[in-house]
Amino acid sequence: MNVVLIILAVVLMLVGLVGAIVPGIAGPPFSFLGLLAVSFVEGVNHSTEFLVVMGVIAAVVYALDYVVPAWGTKQLGGTKAGVRGSTIGLVLGLLVTFVFPIGFIAVLLGPFIGAYIGEKSAGTDDHRAWKAAFGSFVGFLAGTGLKIIYACVCIFFIIKDLIILI
């Protein structure tokens with residue numbers, strides 16, 4: 001049973017890392033599930049508190065990934081229309097991910113284009129609309145960075161646990 005759990009943990013860890021980079025794959029939950037799987041391996045002792053904290057962090061990072069692009073739009077001068085456009089662009093980008101093989105590009109550009117269109121529909125001048133769109137892009141990159149950091153922390157604990165077993 002330990003071998004199955006170790007293989008499952010490694011697969012989930014890799015999917016979590018890929019999901020941290022590739023939009024449309026829920027990276028943090030997969031990373032957490034890998035950590036959870038390795039915690040059931042005989043000889044690995046993770047406290048309940050540790051697992052709860054890591055689970056909560058996974059949920060927060062996962063949620064922030066959808067919020068940060070809109071926050072970036074607002075931080076660089078975007079209006080509510082730009083924030084709404086960024087959110088709509090992200091959702092449309094995610095939908096395109098499931099239909100077309102260019103999903104990464106759609107999720108990357110969706111919030112950017114959505115923020116720009118939202119700002120223009122509100123009558124914002126071009127300079128400010130582009131600035132808000134750039135904020136959305138920066139927010140997307142920040143969300144991706146958070147997911148990568150979380151995946152790396154989970155990978156650290158999984159590898160540490162596997163090394164201890166050897």
# chains A, B, ... in the order shown; residues from 1 in each chain; ligands from 1
$ residues_around --residues "stretch 145-155 of chain A" --least-positions-apart "2" --cutoff "8 Å" --atoms "only C-alpha atoms" --output "MDAnalysis selection string"
chainID A and resid 13 16:17 20:21 27:28 31:32 34:35 58 61:62 65 141:143 157:159
$ write_last_selection --atoms "all heavy atoms" --output "compact mmCIF listing (two decimals), in the first residue's frame"
# COMPACT_ATOMS: atom_id res chain seq x y z
N MET A 13 1.88 15.49 -7.01
CA MET A 13 2.85 16.57 -6.87
C MET A 13 3.22 17.14 -8.24
O MET A 13 3.26 18.35 -8.43
CB MET A 13 4.11 16.02 -6.17
CG MET A 13 5.29 16.96 -6.14
SD MET A 13 6.78 16.20 -5.44
CE MET A 13 7.26 15.08 -6.74
N GLY A 16 0.30 19.02 -9.67
CA GLY A 16 0.20 20.29 -8.96
C GLY A 16 1.20 21.31 -9.48
O GLY A 16 0.87 22.49 -9.65
N LEU A 17 2.42 20.87 -9.78
CA LEU A 17 3.43 21.78 -10.32
C LEU A 17 3.05 22.24 -11.73
O LEU A 17 3.14 23.43 -12.04
CB LEU A 17 4.81 21.12 -10.34
CG LEU A 17 5.96 21.99 -10.84
CD1 LEU A 17 6.10 23.24 -9.98
CD2 LEU A 17 7.25 21.19 -10.85
N ALA A 20 0.32 24.72 -11.51
CA ALA A 20 0.74 26.04 -11.05
C ALA A 20 1.10 26.93 -12.22
O ALA A 20 1.01 28.15 -12.14
CB ALA A 20 1.93 25.91 -10.10
N ILE A 21 1.50 26.32 -13.32
CA ILE A 21 1.95 27.07 -14.49
C ILE A 21 0.89 27.11 -15.59
O ILE A 21 0.67 28.14 -16.21
CB ILE A 21 3.27 26.45 -15.03
CG1 ILE A 21 4.34 26.52 -13.94
CG2 ILE A 21 3.73 27.16 -16.29
CD1 ILE A 21 5.53 25.65 -14.19
N GLY A 27 -3.75 23.65 -9.72
CA GLY A 27 -2.47 23.27 -9.15
C GLY A 27 -2.45 23.11 -7.64
O GLY A 27 -2.05 22.06 -7.14
N PRO A 28 -2.86 24.14 -6.87
CA PRO A 28 -2.76 24.01 -5.41
C PRO A 28 -3.53 22.82 -4.81
O PRO A 28 -2.98 22.12 -3.97
CB PRO A 28 -3.32 25.35 -4.90
CG PRO A 28 -3.02 26.31 -6.00
CD PRO A 28 -3.21 25.51 -7.27
N SER A 31 -1.43 19.75 -5.50
CA SER A 31 -0.23 19.73 -4.66
C SER A 31 -0.59 19.30 -3.24
O SER A 31 0.11 18.48 -2.63
CB SER A 31 0.41 21.13 -4.62
OG SER A 31 0.90 21.49 -5.88
N PHE A 32 -1.68 19.84 -2.72
CA PHE A 32 -2.11 19.47 -1.37
C PHE A 32 -2.48 17.99 -1.30
O PHE A 32 -2.13 17.29 -0.34
CB PHE A 32 -3.29 20.32 -0.90
CG PHE A 32 -3.84 19.87 0.42
CD1 PHE A 32 -3.11 20.07 1.58
CD2 PHE A 32 -5.06 19.22 0.50
CE1 PHE A 32 -3.59 19.63 2.81
CE2 PHE A 32 -5.55 18.78 1.71
CZ PHE A 32 -4.82 18.98 2.87
N GLY A 34 -1.25 15.62 -3.04
CA GLY A 34 0.01 14.87 -3.03
C GLY A 34 0.59 14.84 -1.63
O GLY A 34 1.07 13.79 -1.17
N LEU A 35 0.58 15.97 -0.95
CA LEU A 35 1.06 16.05 0.42
C LEU A 35 0.21 15.17 1.34
O LEU A 35 0.73 14.47 2.22
CB LEU A 35 1.04 17.51 0.89
CG LEU A 35 1.69 17.83 2.21
CD1 LEU A 35 3.17 17.50 2.19
CD2 LEU A 35 1.49 19.31 2.53
N ALA A 58 -3.77 26.12 0.54
CA ALA A 58 -4.09 25.70 -0.84
C ALA A 58 -5.39 26.36 -1.31
O ALA A 58 -5.47 26.86 -2.44
CB ALA A 58 -4.21 24.18 -0.92
N VAL A 61 -4.72 30.18 -1.86
CA VAL A 61 -3.94 30.42 -3.08
C VAL A 61 -4.80 30.16 -4.31
O VAL A 61 -4.76 30.92 -5.29
CB VAL A 61 -2.66 29.56 -3.10
CG1 VAL A 61 -1.98 29.58 -4.46
CG2 VAL A 61 -1.69 30.02 -2.02
N TYR A 62 -5.59 29.10 -4.27
CA TYR A 62 -6.47 28.77 -5.39
C TYR A 62 -7.47 29.89 -5.64
O TYR A 62 -7.70 30.31 -6.77
CB TYR A 62 -7.19 27.44 -5.10
CG TYR A 62 -8.10 26.99 -6.21
CD1 TYR A 62 -7.58 26.51 -7.41
CD2 TYR A 62 -9.48 27.03 -6.06
CE1 TYR A 62 -8.41 26.08 -8.43
CE2 TYR A 62 -10.31 26.60 -7.07
CZ TYR A 62 -9.78 26.12 -8.25
OH TYR A 62 -10.60 25.71 -9.26
N ASP A 65 -5.93 33.16 -7.02
CA ASP A 65 -5.59 33.09 -8.43
C ASP A 65 -6.68 33.70 -9.31
O ASP A 65 -6.42 34.18 -10.40
CB ASP A 65 -5.32 31.63 -8.83
CG ASP A 65 -4.72 31.53 -10.21
OD1 ASP A 65 -3.83 32.34 -10.54
OD2 ASP A 65 -5.12 30.63 -10.96
N LEU A 141 0.32 37.23 -13.38
CA LEU A 141 1.66 36.72 -13.09
C LEU A 141 1.86 36.52 -11.59
O LEU A 141 2.49 35.55 -11.16
CB LEU A 141 2.72 37.66 -13.64
CG LEU A 141 2.81 37.74 -15.17
CD1 LEU A 141 3.90 38.73 -15.57
CD2 LEU A 141 3.08 36.37 -15.78
N ALA A 142 1.33 37.43 -10.78
CA ALA A 142 1.45 37.30 -9.32
C ALA A 142 0.72 36.05 -8.83
O ALA A 142 1.24 35.32 -7.97
CB ALA A 142 0.91 38.55 -8.63
N GLY A 143 -0.47 35.81 -9.36
CA GLY A 143 -1.22 34.61 -8.99
C GLY A 143 -0.47 33.34 -9.37
O GLY A 143 -0.42 32.38 -8.60
N PHE A 157 8.22 19.23 1.07
CA PHE A 157 7.80 18.33 2.14
C PHE A 157 7.65 16.90 1.65
O PHE A 157 8.01 15.95 2.35
CB PHE A 157 6.50 18.82 2.80
CG PHE A 157 6.70 19.96 3.73
CD1 PHE A 157 6.25 21.23 3.41
CD2 PHE A 157 7.37 19.78 4.93
CE1 PHE A 157 6.45 22.30 4.27
CE2 PHE A 157 7.58 20.85 5.81
CZ PHE A 157 7.11 22.11 5.46
N ILE A 158 7.14 16.72 0.44
CA ILE A 158 6.98 15.37 -0.10
C ILE A 158 8.35 14.72 -0.30
O ILE A 158 8.56 13.57 0.11
CB ILE A 158 6.16 15.41 -1.42
CG1 ILE A 158 4.71 15.79 -1.12
CG2 ILE A 158 6.23 14.05 -2.13
CD1 ILE A 158 3.89 16.12 -2.36
N ILE A 159 9.28 15.43 -0.91
CA ILE A 159 10.61 14.87 -1.14
C ILE A 159 11.32 14.62 0.19
O ILE A 159 11.96 13.57 0.38
CB ILE A 159 11.44 15.79 -2.05
CG1 ILE A 159 10.86 15.74 -3.47
CG2 ILE A 159 12.91 15.40 -2.06
CD1 ILE A 159 11.49 16.70 -4.45
$ closest_residue --among "A:Val68, A:Val44, A:Val11, A:Leu36" --to "A:Leu162" --atoms "only C-alpha atoms"
A:Val44
$ closest_residue --among "A:Ala132, A:Val99, A:Leu5, A:Leu14" --to "A:Leu76" --atoms "only C-alpha atoms"
A:Ala132
$ atom_distance --atom1 "atom CA of A:Ser121" --atom2 "atom CA of A:Gly78"
12.2 Å
$ atom_distance --atom1 "atom CA of A:Val22" --atom2 "atom CA of A:Ile113"
18.9 Å
$ residues_around --residues "A:Gly43" --least-positions-apart "2" --cutoff "7 Å" --atoms "only C-alpha atoms" --output "compact mmCIF listing (two decimals) with all heavy atoms, in the first residue's frame"
# COMPACT_ATOMS: atom_id res chain seq x y z
N VAL A 41 1.51 7.46 4.23
CA VAL A 41 2.55 6.45 4.09
C VAL A 41 3.08 6.11 5.48
O VAL A 41 3.32 7.00 6.30
CB VAL A 41 3.69 6.96 3.17
CG1 VAL A 41 4.87 6.00 3.19
CG2 VAL A 41 3.18 7.15 1.76
N ASN A 45 5.01 11.24 9.46
CA ASN A 45 4.16 11.79 10.52
C ASN A 45 3.93 13.28 10.29
O ASN A 45 4.78 14.09 10.62
CB ASN A 45 4.81 11.57 11.89
CG ASN A 45 4.90 10.11 12.25
OD1 ASN A 45 3.95 9.37 12.03
ND2 ASN A 45 6.03 9.70 12.79
N LEU A 165 12.23 8.17 4.38
CA LEU A 165 11.82 6.76 4.29
C LEU A 165 12.92 5.86 3.75
O LEU A 165 12.90 4.66 3.99
CB LEU A 165 10.57 6.63 3.42
CG LEU A 165 9.28 7.21 4.00
CD1 LEU A 165 8.17 7.11 2.99
CD2 LEU A 165 8.91 6.50 5.29
$ closest_residue --among "A:Phe112, A:Phe50, A:Phe98, A:Phe104" --to "A:Val83" --atoms "only C-alpha atoms"
A:Phe112
$ closest_residue --among "A:Val96, A:Asn2, A:Val52, A:Ser136" --to "A:Lys74" --atoms "only C-alpha atoms"
A:Ser136
$ select_by_dssp --residues "stretch 27-103 of chain A" --states "helix (DSSP H, G or I)" --output "MDAnalysis selection string"
chainID A and resid 27:39 48:75 80:99 103
$ closest_residue --among "A:Ala81, A:Ala63, A:Leu33, A:Ile6" --to "A:Leu51" --atoms "only C-alpha atoms"
A:Leu33
$ atom_distance --atom1 "atom CA of A:Thr79" --atom2 "atom CA of A:Ala26"
28.8 Å
$ closest_residue --among "A:Gly93, A:Pro29, A:Gly114, A:Gly72" --to "A:Val60" --atoms "only C-alpha atoms"
A:Pro29
